[in-house]
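Encoded as structure tokens, the structure appears first; notes follow it.
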Number of protein chains: 2
Amino acid sequence: MNVSKPLLNIKKIEKTRINQVDFNNLAFGKNYSDHMMYCDYVDGEWQTPQIVPYGPMEYAPSAKVFHYGQAVFEGMKAFKDDNGEVHLFRPEQNFERINKSSKRLAIPEFPKDFFFESLETLLQLDTDWIKAGQGNSLYIRPFVIATEEGVAASPSDQYRFMIITCPAQAYYSQPVKVIFAQEYSRSADGGVGYAKAAGNYGAQFYPTNLAKEKGYQQVIWTDAKSHNYLEEAGTMNIFFRIGDKLLTAPTNDRILDGVSRKSVIQLAKDNGIEIEIAPVEVKRIVEAARKGELKEIFGTGTAATIAKVIGFEHDGVYRDLPEVESPYSDFMKKSLQDIQYNRAEDKHGWLHKVS
Amino acid sequence: MNVSKPLLNIKKIEKTRINQVDFNNLAFGKNYSDHMMYCDYVDGEWQTPQIVPYGPMEYAPSAKVFHYGQAVFEGMKAFKDDNGEVHLFRPEQNFERINKSSKRLAIPEFPKDFFFESLETLLQLDTDWIKAGQGNSLYIRPFVIATEEGVAASPSDQYRFMIITCPAQAYYSQPVKVIFAQEYSRSADGGVGYAKAAGNYGAQFYPTNLAKEKGYQQVIWTDAKSHNYLEEAGTMNIFFRIGDKLLTAPTNDRILDGVSRKSVIQLAKDNGIEIEIAPVEVKRIVEAARKGELKEIFGTGTAATIAKVIGFEHDGVYRDLPEVESPYSDFMKKSLQDIQYNRAEDKHGWLHKVS
Ligand SMILES: Cc1ncc(COP(=O)(O)O)c(C=O)c1O
Ligand SMILES: Cc1ncc(COP(=O)(O)O)c(C=O)c1O
């Protein structure tokens, strides 16, 4: 690079851990690649990003992240194509979104060049951790945490931005049964639901555990005001197919603006599938299910890609979804993956080749 | 103690840091006492609590607390009376509340004997950090964080419970101006507002910053549904005095059940002050202010004790509160402190002497 000051510092591993990993048997998020990036915000400025061997770091017990949940994250993936080239999928979306999340959590925004330079360098160093082949990817987790020492409930004046990565296969191997939320809720109007704020996730664990006890892997969250509108799942946006039409909720300040969601909407448009982006009334979905018109429900998210829902509970009644021929979910999954693995034309310029 | 297995392990400091601290000039939450407690939850069990010198600890970058905000905390105080005896104020309330918060965040509950045994031992070891005299106290911060390594959004199977303490003077030295929330909100029905969940606090920093830019130190949160009802402040419950009557909102799943709030309610009853515990309509407060009947607003919380509000903004209009003679806020503050410093009769048994 032609800059006078190094954009990042690199300290490489001495010995790779890659041989300890069984790539055919990966538990999601349990194995970390050799390197990670961290970058500290001190004295009002992001310092030089550091690439170092993955490993634990020291934090004061009073670091604000532990007390006030001032933390945001992202989830993205890198794919290796059959020629061994590595591609990111719409990474500017994740970059913009982490800064949008940061803003809502009163965290300073991160510079674009720091983000892309360090991410690409990480991927180059750890390229062997990215396996080619259907379903394989490197899951990338950028995140920011508040590191100032202090137990007063006020914004931190120190932060750490980090990127860690881990090899991944498909996230949910099984189709899921879901329950529509009627008591608990995920986010409020005027709250932080649209941000990938750490606290949004911990808050869902208990109600999701209750759902699991009843045999449901996921909760579909409804609006907290009335529980009459279906919004999204814990880590996925959600689509419904009635007849031949796809429905999904518009984004608002309670719903994460998912990259997979917007890609699926675009793919629907590209392929002449009618799509309605409007509040999805629970009543309408239940009614369509009752009449046999509800053909599919599926979730979309970076980790899961597309997750098929095979049935749902609402008002104490469980309903199976029918098996349909040529489901949209399969079509969307294949279309997305064909682009991600660089096997299909990328007409919207979604792939970002790691040089 | 007469137990066969030690209830806790103690590793004392070699040299105290107490001489580095200016006790007449304490920034809240910036100086930590010599010792801290930690206790790990591993293999489905809380292990033996450890008392060790206060200091940083190592965490994996993938520790779940950093990503999913699975963390809760408490805030309580120890007071030294004029005879040099140390007292906690209603500590069972905090103990019960941290377990209530933990439950909502899918964190295993902490054993009562571990909590009290280690807390009292900490206070005995660090008794010199507790200064006698009006306004002085030792602020105690128990908290729990999720420590399992893993970037999948699911409950951790490892946790760390900690207690850190720091010497404190009064929290807000100045009376505060507040703004009633009309756009942002703190918590949803069916959410985690009633828990001291870490994520509830980080989520308030941005809207509170906006308020500060307009000259208000605190936001009084309203219900997310309608913004028509006044609920609580960021770290305080809130009381209104109309004529000679006190009003405060009932607790619900959006509002923290404050120990100071319930103590003030009891003190009102004990002293023949009429108190109404019912939803507090914004309209009613604004109307009372317009008519000159709104005499006081004050916040109650462990850190602040009682914080006087001197004016509020709503709908773009700022209103000063009148100066009243013998304000309830002063009476409540004095009554609470007289009990806390063991200068008045403790008829409800609120003081817990540290033996
Ligand atoms: C709450 C929530 N909704 C939806 C999504 C899906 O977003 P994306 O498609 O960008 O991964 C995620 C996961 O990232 C999420 O956390
Ligand atoms: C949101 C919130 N409300 C109210 C309070 C006051 O509660 P307590 O009186 O128990 O300190 C606190 C602080 O602890 C708080 O965090």
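Quick note on naming: the chains in the structure tokens go A, B, ... in the order shown, residues restart at 1 in each chain, and ligands are numbered from 1 in order of appearance.
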
Neighbouring residues of Lys245 in chain A were defined as those with any atom within 7 Å, considering only C-alpha atoms; residues of the same chain fewer than 4 positions away were excluded. Please report them as a PyMOL selection string. chain A and resi 241+273-275

Run DSSP on the backbone of this structure and report the residues of range 61-120 of chain A it assigns to alpha helix (DSSP H), as a ChimeraX atom specification. /A:64-68,91-104,112-120

Taking into account only C-alpha atoms, which residue in the set B:Thr248, B:Ser156, B:Asn9, B:Gln93 is nearest to chain A?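 Closest candidate: B:Ser156.
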
Give me, as a Markdown table, each residue of range 8-115 of chain A that comes within 9 Å of range 122-125 of chain A, together with its shortest interatomic pair and the distance in Å at one decimal, counting only C-alpha atoms, with rows ordered by chain and rising residue number.
| residue | atom | partner | partner_atom | distance |
| --- | --- | --- | --- | --- |
| A:Lys12 | CA | A:Leu125 | CA | 8.4 |
| A:Asp34 | CA | A:Leu125 | CA | 8.4 |
| A:His35 | CA | A:Leu122 | CA | 6.7 |
| A:Met36 | CA | A:Leu122 | CA | 7.0 |
| A:Met37 | CA | A:Leu122 | CA | 7.5 |
| A:Ile51 | CA | A:Leu122 | CA | 7.4 |
| A:Ala78 | CA | A:Leu123 | CA | 8.2 |
| A:Val86 | CA | A:Leu123 | CA | 8.2 |

Using only C-alpha atoms, which residues sit within 10 Å of Gly292 in chain B once same-chain residues fewer than 2 positions away are excluded, as a PyMOL selection string? chain B and resi 242-243+286-290+294-295+321-322

Kindly save the residues from that selection, with N, CA and C atoms included, as a short mmCIF file (atom, residue, chain, number, x, y, z; two decimals), in the first residue's frame.
data_model
loop_
_atom_site.label_atom_id
_atom_site.label_comp_id
_atom_site.auth_asym_id
_atom_site.auth_seq_id
_atom_site.Cartn_x
_atom_site.Cartn_y
_atom_site.Cartn_z
N ILE B 242 -48.16 16.21 43.94
CA ILE B 242 -49.19 17.16 43.55
C ILE B 242 -49.91 17.56 44.83
N GLY B 243 -49.93 18.83 45.12
CA GLY B 243 -50.46 19.28 46.40
C GLY B 243 -49.65 18.59 47.49
N VAL B 286 -48.46 17.56 33.64
CA VAL B 286 -48.32 18.84 32.93
C VAL B 286 -49.40 19.81 33.39
N GLU B 287 -50.62 19.29 33.51
CA GLU B 287 -51.76 20.09 33.96
C GLU B 287 -51.52 20.63 35.38
N ALA B 288 -51.03 19.75 36.25
CA ALA B 288 -50.75 20.16 37.62
C ALA B 288 -49.65 21.23 37.65
N ALA B 289 -48.67 21.08 36.78
CA ALA B 289 -47.59 22.07 36.73
C ALA B 289 -48.16 23.42 36.26
N ARG B 290 -49.03 23.35 35.27
CA ARG B 290 -49.64 24.57 34.73
C ARG B 290 -50.43 25.31 35.80
N LEU B 294 -48.16 21.18 40.97
CA LEU B 294 -47.04 20.23 40.98
C LEU B 294 -45.93 20.81 41.84
N LYS B 295 -45.74 20.24 43.01
CA LYS B 295 -44.78 20.81 43.96
C LYS B 295 -43.38 20.23 43.80
N LEU B 321 -39.88 23.82 38.35
CA LEU B 321 -40.68 23.47 39.52
C LEU B 321 -40.48 24.55 40.58
N PRO B 322 -41.49 24.78 41.41
CA PRO B 322 -41.37 25.83 42.41
C PRO B 322 -40.41 25.42 43.52
#

Please identify every polymer residue within 7 Å of ligand 1, using only C-alpha atoms and all ligand atoms, and present the set as a PyMOL selection string. chain A and resi 74-76+196+232-237+255-261+300-303

Selected residues written out, all heavy atoms, as a CSV table (one decimal), in the first residue's frame:
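The resulting result-v5.csv:
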chain,number,residue,atom,x,y,z
A,74,GLU,N,-21.7,-7.7,14.2
A,74,GLU,CA,-22.1,-8.0,12.9
A,74,GLU,C,-21.9,-9.5,12.6
A,74,GLU,O,-21.1,-10.2,13.3
A,74,GLU,CB,-21.4,-7.2,11.8
A,74,GLU,CG,-22.1,-5.9,11.4
A,74,GLU,CD,-23.5,-6.2,10.9
A,74,GLU,OE1,-23.7,-7.2,10.3
A,74,GLU,OE2,-24.4,-5.4,11.3
A,75,GLY,N,-22.5,-10.0,11.6
A,75,GLY,CA,-22.3,-11.4,11.2
A,75,GLY,C,-22.2,-11.4,9.6
A,75,GLY,O,-23.2,-10.9,9.0
A,76,MET,N,-21.1,-11.9,9.1
A,76,MET,CA,-21.0,-11.9,7.6
A,76,MET,C,-20.2,-13.2,7.3
A,76,MET,O,-19.7,-13.9,8.1
A,76,MET,CB,-20.3,-10.6,7.1
A,76,MET,CG,-19.1,-10.3,7.9
A,76,MET,SD,-18.6,-8.5,7.7
A,76,MET,CE,-18.4,-8.3,6.0
A,196,LYS,N,-28.0,-4.2,15.8
A,196,LYS,CA,-27.4,-5.5,16.3
A,196,LYS,C,-26.7,-5.2,17.6
A,196,LYS,O,-25.5,-5.3,17.8
A,196,LYS,CB,-26.5,-6.1,15.3
A,196,LYS,CG,-27.2,-7.0,14.2
A,196,LYS,CD,-26.3,-7.7,13.3
A,196,LYS,CE,-25.9,-9.1,13.8
A,196,LYS,NZ,-26.9,-10.1,13.5
A,232,GLU,N,-40.0,-10.7,13.1
A,232,GLU,CA,-38.8,-11.4,12.7
A,232,GLU,C,-38.5,-12.5,13.7
A,232,GLU,O,-39.1,-12.5,14.8
A,232,GLU,CB,-37.6,-10.5,12.5
A,232,GLU,CG,-37.2,-9.8,13.8
A,232,GLU,CD,-35.8,-9.0,13.6
A,232,GLU,OE1,-35.0,-9.5,12.8
A,232,GLU,OE2,-35.7,-8.0,14.2
A,233,ALA,N,-37.5,-13.3,13.4
A,233,ALA,CA,-37.1,-14.3,14.4
A,233,ALA,C,-35.8,-13.8,15.1
A,233,ALA,O,-35.3,-12.7,14.8
A,233,ALA,CB,-36.8,-15.6,13.7
A,234,GLY,N,-35.3,-14.6,16.0
A,234,GLY,CA,-34.1,-14.2,16.8
A,234,GLY,C,-32.9,-13.7,16.0
A,234,GLY,O,-32.3,-12.7,16.3
A,235,THR,N,-32.6,-14.4,14.9
A,235,THR,CA,-31.4,-14.1,14.1
A,235,THR,C,-31.8,-14.2,12.6
A,235,THR,O,-30.9,-14.3,11.8
A,235,THR,CB,-30.2,-14.9,14.4
A,235,THR,OG1,-30.6,-16.3,14.2
A,235,THR,CG2,-29.7,-14.8,15.8
A,236,MET,N,-33.1,-14.1,12.3
A,236,MET,CA,-33.5,-14.2,10.9
A,236,MET,C,-34.7,-13.2,10.7
A,236,MET,O,-35.5,-13.1,11.5
A,236,MET,CB,-33.9,-15.6,10.6
A,236,MET,CG,-32.9,-16.6,10.8
A,236,MET,SD,-33.4,-18.3,10.2
A,236,MET,CE,-34.7,-18.7,11.4
A,237,ASN,N,-34.7,-12.7,9.5
A,237,ASN,CA,-36.0,-12.1,9.0
A,237,ASN,C,-36.9,-13.2,8.5
A,237,ASN,O,-36.4,-14.3,8.4
A,237,ASN,CB,-35.7,-11.0,7.9
A,237,ASN,CG,-34.9,-9.9,8.4
A,237,ASN,OD1,-33.7,-9.8,8.2
A,237,ASN,ND2,-35.5,-9.0,9.2
A,255,ILE,N,-37.0,-3.8,13.9
A,255,ILE,CA,-36.6,-5.0,13.1
A,255,ILE,C,-35.3,-4.8,12.4
A,255,ILE,O,-35.0,-3.7,11.9
A,255,ILE,CB,-37.7,-5.2,11.9
A,255,ILE,CG1,-39.1,-5.5,12.6
A,255,ILE,CG2,-37.3,-6.3,11.0
A,255,ILE,CD1,-40.2,-5.8,11.5
A,256,LEU,N,-34.4,-5.8,12.5
A,256,LEU,CA,-33.1,-5.7,11.8
A,256,LEU,C,-33.3,-5.7,10.3
A,256,LEU,O,-34.0,-6.5,9.7
A,256,LEU,CB,-32.2,-6.8,12.3
A,256,LEU,CG,-30.8,-6.6,11.9
A,256,LEU,CD1,-30.1,-5.7,13.0
A,256,LEU,CD2,-30.0,-7.8,11.6
A,257,ASP,N,-32.6,-4.8,9.7
A,257,ASP,CA,-32.6,-4.6,8.2
A,257,ASP,C,-31.6,-5.7,7.7
A,257,ASP,O,-30.5,-5.4,7.4
A,257,ASP,CB,-32.2,-3.2,7.9
A,257,ASP,CG,-32.3,-2.9,6.4
A,257,ASP,OD1,-32.9,-3.7,5.7
A,257,ASP,OD2,-31.9,-1.8,6.0
A,258,GLY,N,-32.1,-6.9,7.5
A,258,GLY,CA,-31.2,-8.0,7.1
A,258,GLY,C,-30.7,-7.9,5.7
A,258,GLY,O,-31.4,-7.6,4.8
A,259,VAL,N,-29.4,-8.3,5.5
A,259,VAL,CA,-28.8,-8.3,4.2
A,259,VAL,C,-29.4,-9.5,3.4
A,259,VAL,O,-29.7,-9.3,2.2
A,259,VAL,CB,-27.3,-8.5,4.3
A,259,VAL,CG1,-26.7,-8.5,2.9
A,259,VAL,CG2,-26.7,-7.4,5.2
A,260,SER,N,-29.7,-10.6,4.0
A,260,SER,CA,-30.3,-11.8,3.3
A,260,SER,C,-31.7,-11.4,2.9
A,260,SER,O,-32.2,-11.7,1.8
A,260,SER,CB,-30.3,-13.0,4.2
A,260,SER,OG,-29.1,-13.1,4.9
A,261,ARG,N,-32.4,-10.7,3.8
A,261,ARG,CA,-33.8,-10.3,3.5
A,261,ARG,C,-33.8,-9.4,2.3
A,261,ARG,O,-34.6,-9.6,1.3
A,261,ARG,CB,-34.4,-9.5,4.7
A,261,ARG,CG,-35.7,-8.8,4.5
A,261,ARG,CD,-36.1,-7.9,5.6
A,261,ARG,NE,-37.3,-7.2,5.4
A,261,ARG,CZ,-37.4,-6.1,4.7
A,261,ARG,NH1,-36.3,-5.5,4.2
A,261,ARG,NH2,-38.5,-5.5,4.4
A,300,THR,N,-34.5,-15.9,6.9
A,300,THR,CA,-33.3,-15.5,6.1
A,300,THR,C,-32.3,-14.8,7.0
A,300,THR,O,-32.7,-13.9,7.8
A,300,THR,CB,-33.7,-14.5,5.0
A,300,THR,OG1,-34.1,-13.3,5.6
A,300,THR,CG2,-34.8,-15.1,4.1
A,301,GLY,N,-31.1,-15.3,7.0
A,301,GLY,CA,-30.1,-14.7,7.8
A,301,GLY,C,-28.7,-15.2,7.3
A,301,GLY,O,-28.6,-16.3,6.7
A,302,THR,N,-27.7,-14.5,7.6
A,302,THR,CA,-26.3,-14.8,7.2
A,302,THR,C,-25.9,-16.2,7.7
A,302,THR,O,-25.4,-17.0,7.0
A,302,THR,CB,-25.3,-13.8,7.7
A,302,THR,OG1,-25.7,-12.5,7.0
A,302,THR,CG2,-23.9,-14.1,7.3
A,303,ALA,N,-26.2,-16.4,9.0
A,303,ALA,CA,-25.7,-17.7,9.6
A,303,ALA,C,-26.5,-18.8,9.0
A,303,ALA,O,-26.0,-19.9,8.5
A,303,ALA,CB,-25.9,-17.7,11.1

Counting only C-alpha atoms and all ligand atoms, what are the residues of chain A within 12 Å of ligand 2, and for each of them which pair of atoms is the nearest and at what distance in Å, to one decimal? Sort the table by chain and rising number, as JSON lines.
{"residue": "A:His67", "atom": "CA", "partner": "ligand 2", "partner_atom_place_in_ligand_line": "16 (O)", "distance": 10.9}
{"residue": "A:Tyr68", "atom": "CA", "partner": "ligand 2", "partner_atom_place_in_ligand_line": "16 (O)", "distance": 10.2}
{"residue": "A:Val151", "atom": "CA", "partner": "ligand 2", "partner_atom_place_in_ligand_line": "14 (O)", "distance": 11.7}
{"residue": "A:Ala152", "atom": "CA", "partner": "ligand 2", "partner_atom_place_in_ligand_line": "16 (O)", "distance": 10.7}
{"residue": "A:Ala153", "atom": "CA", "partner": "ligand 2", "partner_atom_place_in_ligand_line": "16 (O)", "distance": 8.6}
{"residue": "A:Ser154", "atom": "CA", "partner": "ligand 2", "partner_atom_place_in_ligand_line": "16 (O)", "distance": 11.9}
